[in-house]
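What follows is a set of notes on a single structure, which appears directly below.
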4 protein chains.
Amino acid sequence: MAPKTKEQYAKIREDRKEEILNAALELFARQGVNHTTMQDIALKAGISKGLIYNYFTNKEDLLNELIKSFINHLYDYFDPDGDGILSTEEMEYFIEQQVENLMKNIDYYKFLYMLLMQPSAQEMMEKLQLEVLTSKMWKMIGTYFQIHNFTDPESETWIFHTILDGIAINYVFNPDKYPIDKIKKLVIQKYCNLK
Amino acid sequence: MAPKTKEQYAKIREDRKEEILNAALELFARQGVNHTTMQDIALKAGISKGLIYNYFTNKEDLLNELIKSFINHLYDYFDPDGDGILSTEEMEYFIEQQVENLMKNIDYYKFLYMLLMQPSAQEMMEKLQLEVLTSKMWKMIGTYFQIHNFTDPESETWIFHTILDGIAINYVFNPDKYPIDKIKKLVIQKYCNLK
Amino acid sequence: MAPKTKEQYAKIREDRKEEILNAALELFARQGVNHTTMQDIALKAGISKGLIYNYFTNKEDLLNELIKSFINHLYDYFDPDGDGILSTEEMEYFIEQQVENLMKNIDYYKFLYMLLMQPSAQEMMEKLQLEVLTSKMWKMIGTYFQIHNFTDPESETWIFHTILDGIAINYVFNPDKYPIDKIKKLVIQKYCNLK
Amino acid sequence: MAPKTKEQYAKIREDRKEEILNAALELFARQGVNHTTMQDIALKAGISKGLIYNYFTNKEDLLNELIKSFINHLYDYFDPDGDGILSTEEMEYFIEQQVENLMKNIDYYKFLYMLLMQPSAQEMMEKLQLEVLTSKMWKMIGTYFQIHNFTDPESETWIFHTILDGIAINYVFNPDKYPIDKIKKLVIQKYCNLK
DNA sequence: CATGAATGAGTATTCATTCAT
DNA sequence: CATGAATGAATACTCATTCAT
């Protein structure tokens with residue numbers, strides 16, 4: 001049997017970790033963090049309870065990694081053609097995408113907002129704050145508002161986020177009554193139909 | 001002859017229940033539901049552990065009652081002079097008030113948003129939905145937008161809520177960086193500085 | 001309002017006690033001693049929890065009174081015409097009666113046998129032993145066997161009880177398969193069809 | 001490579017379960033089900049409280065398994081030389097054995113009769129009924145009565161059991177007064193001194 | 001690396017019993 | 001006498017975490 005290289009081992013570890021996180025995420029989202037046991041996660045991930053502790057020091061650490069992972073991938077799909085400039089079409093696509101995701105994964109979003117309410121999320125947010133604020137995405141949106149002559153581009157970026165979060169919260173609370181399509185159109189009209 | 005009248009007992013029960021809910025709310029908000037023991041709640045409420053179970057079947061039930069109570073009082077403080085008409089000053093006051101509350105009680109808000117993410121909250125929301133949507137407040141805001149010639153008053157009402165929730169979420173996540181004062185001013189400008 | 005005499009009070013107390021015992025008996029038999037709370041008993045007896053403690057010092061005492069009461073009434077219905085002599089017809093009637101009772105009240109009998117297995121029952125049995133063994137019934141059965149020329153009347157009395165208990169146990173365990181009618185006939189044949 | 005084979009784990013589990021059942025049986029019999037805590041059982045079995053729950057879902061389940069185990073082993077010791085024919089000597093030995101067991105383990109018998117009074121025992125009894133009735137022992141006793149020209153061998157089998165149970169109950173209730181030796185002799189005389 | 005038996009601190013929950021009114 | 005709110009000791013049960021193999 002061929003011994004594996006260090007890289008191969010690292011790869012295996014990384015994959016395994018990912019699998020555990022995925023299992024945990026699904027279970028946490030469906031049945032809550034507290035009602036999900038390490039056993040449940042192990043079962044779902046197809047491994048033994050003990051093995052989880054080779055990858056995460058404890059349950060809290062697992063949860064934190066989940067939050068971190070989420071925050072890191074928060075805007076992954078915000079990845080336009082890479083020219084660094086957001087066209088109105090790309091902006092529209094981004095908004096459409098956000099709303100579609102939201103509608104498809106209510107439970108998931110609920111859980112994520114919940115995660116972000118965790119005290120432990122706060123620290124991580126703080127650590128990641130600078131990154132986020134100086135992120136490509138953030139800057140691109142700011143630039144977008146600048147290019148399209150919004151009065152206060154920076155504030156508008158915040159407002160933009162505020163609205164997106166507000167939509168998510170309202171929809172998640174009240175998926176039946178909240179007129180998400182109409183709101184989406186209004187948002188697109190405000191931010192993409194620029195003369 | 002009964003030692004106390006039925007009314008007296010009912011009063012005692014009502015008061016105790018309230019006390020327990022208050023104690024639980026504060027502890028839950030500060031240290032989280034899971035890190036709060038029934039013992040903690042009893043201690044804070046100045047009663048014995050066992051008594052809680054005379055009023056709530058279990059911890060979950062207690063949490064649900066808390067959610068219900070919260071939803072019921074959601075807009076209690078939205079109670080203007082009672083003429084049924086929202087002046088721009090009253091609207092401004094309302095917004096200022098909201099933001100002030102938010103800033104004063106971040107933990108509380110975090111907990112409340114968390115509560116509302118609970119699956120059990122959903123049912124209650126649904127039950128209360130009609131009430132909320134047909135509530136005086138909701139109507140008054142709609143009327144306000146109508147009077148001030150907003151294009152689509154109903155949608156504007158939703159947007160208004162969307163923005164308020166978005167502000168809360170963003171501030172709660174990121175109290176240091178989120179420019180809540182500036183956003184507040186922009187909101188007031190949009191909704192109160194009419195002409 | 002006319003004041004009550006001591007006798008009236010004593011009567012009320014006795015009746016109330018009886019009611020509580022009846023309520024307890026039914027609940028204990030149906031759902032077991034441990035799954036029956038004092039609250040349950042109070043509810044069934046139509047009184048308040050606290051009042052039970054005016055009549056019984058505690059739950060165990062209540063159970064003991066129940067056992068005592070049961071033992072005392074064990075052979076109540078063994079009360080023939082009072083001439084002190086058991087005719088073969090009366091003996092047959094007694095056996096028929098026993099079996100009928102058994103078949104009608106399986107749960108009740110189960111519970112009673114259970115009660116008698118309680119350690120606390122033992123003491124009482126001992127106290128009551130002499131009474132039982134010297135009881136009218138016991139003597140009458142002994143006399144019956146003497147009159148009808150059984151070899152060892154005293155042992156036969158024990159055997160008689162042994163068989164009756166054995167029938168009860170077997171029927172209670174296995175009401176569907178146990179041929180109680182046939183056994184009953186054989187017992188009657190043995191003890192009543194005496195030439 | 002698994003650290004232990006499936007078989008090894010299965011063996012461990014089987015042994016542990018047995019140990020727990022044994023510990024529980026002894027404690028239950030001596031001090032009653034309710035006065036025996038899971039802690040007690042764990043202590044007696046030399047394991048931790050929690051481990052019990054790896055083998056039994058709860059206390060009730062543990063009790064049920066005990067009943068099941070008892071019923072399954074009810075007649076284990078009825079295992080004569082294996083020629084399938086019960087000699088009068090073997091019959092006598094069986095009766096002697098039964099009585100001796102009874103006298104040695106009053107508490108144990110009390111507990112077992114109690115167990116069998118449990119509602120949950122009934123179901124199990126029903127399931128096992130056919131097996132018991134068609135068991136080797138049952139048949140052998142029937143054959144015994146047939147060979148020795150009892151009028152109705154089947155009924156006699158039932159009567160035989162009735163008497164044995166009756167003896168047990170009476171002795172258990174009243175070990176001091178019940179003339180068990182005399183009764184035993186009479187039973188042996190009836191069933192073993194044939195011609 | 002991987003397993004799952006084993007641990008035990010931590011807690012929710014029950015309910016007999018008390019007692020002020 | 002009667003009530004039911006209040007107590008708190010007693011315990012079942014959970015589950016994250018450890019560790020021998």
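Lettering and numbering for the structure tokens are positional, with chains as A, B, ... in the shown order, residues counted from 1 in each chain, and ligands counted from 1 in the shown order.
By only C-alpha atoms (C1' of nucleotides), and with residues fewer than 2 positions from stretch 13-16 of chain E along its chain excluded, the set lying at most 9 Å from it is Gly50, Tyr53 and Asn58 of chain B; Thr37, Met38, Gln39, Asn58 and Lys59 of chain C; DT11 of chain E; DA10, DT11 and DA12 of chain F.
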Expected answer as a ChimeraX atom specification: chain D residues within 12 Å of chain F, only C-alpha atoms (C1' of nucleotides): /D:1-5,8-9,34-40,49-54,56-60
Best match for closeness to D:Tyr93 among D:Leu164, D:Cys192, D:Phe111, D:Thr143, counting only C-alpha atoms: D:Cys192
Proximal residues of chain E relative to chain D (only C-alpha atoms (C1' of nucleotides); 8 Å) as a PyMOL selection string: chain E and resi 2-3+6-8
Stretch 117-124 of chain B environment, 12 Å, only C-alpha atoms (C1' of nucleotides), sequence neighbours closer than 3 positions dropped, as a ChimeraX atom specification: /A:29-33,106-117,168-176 /B:33,60-72,110-114,127-132
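Closest approach to B:Ser155 among A:Ile167, A:Ile20, A:Val99, A:Leu186 is made by A:Leu186 (distances from only C-alpha atoms).
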Those in chain A with helix (DSSP H, G or I) from DSSP, as a PyMOL selection string: chain A and resi 6-31+38-45+49-55+59-72+88-104+106-117+119-133+136-147+153-173+180-192
Length of the atom CA of A:Gly166 to atom CA of B:Phe160 vector [Å]: 9.5 Å
Point-to-point distance from atom CA of C:Trp158 to atom CA of D:Thr151, Å rounded to tenths: 24.3 Å
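For the pair atom CA of A:Ile180 and atom CA of A:Met103, the separation is 9.1 Å.
Among the candidate residues A:Ser87, A:Gln98, A:Thr157, A:Gln146, the one lying nearest to chain B is A:Thr157, with distances computed using only C-alpha atoms.
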All residues 10 Å or closer to D:Ile141, only C-alpha atoms (C1' of nucleotides), same chain fewer than 6 positions away omitted, as a ChimeraX atom specification: /D:85-86,91,147,153-154,156-158,160
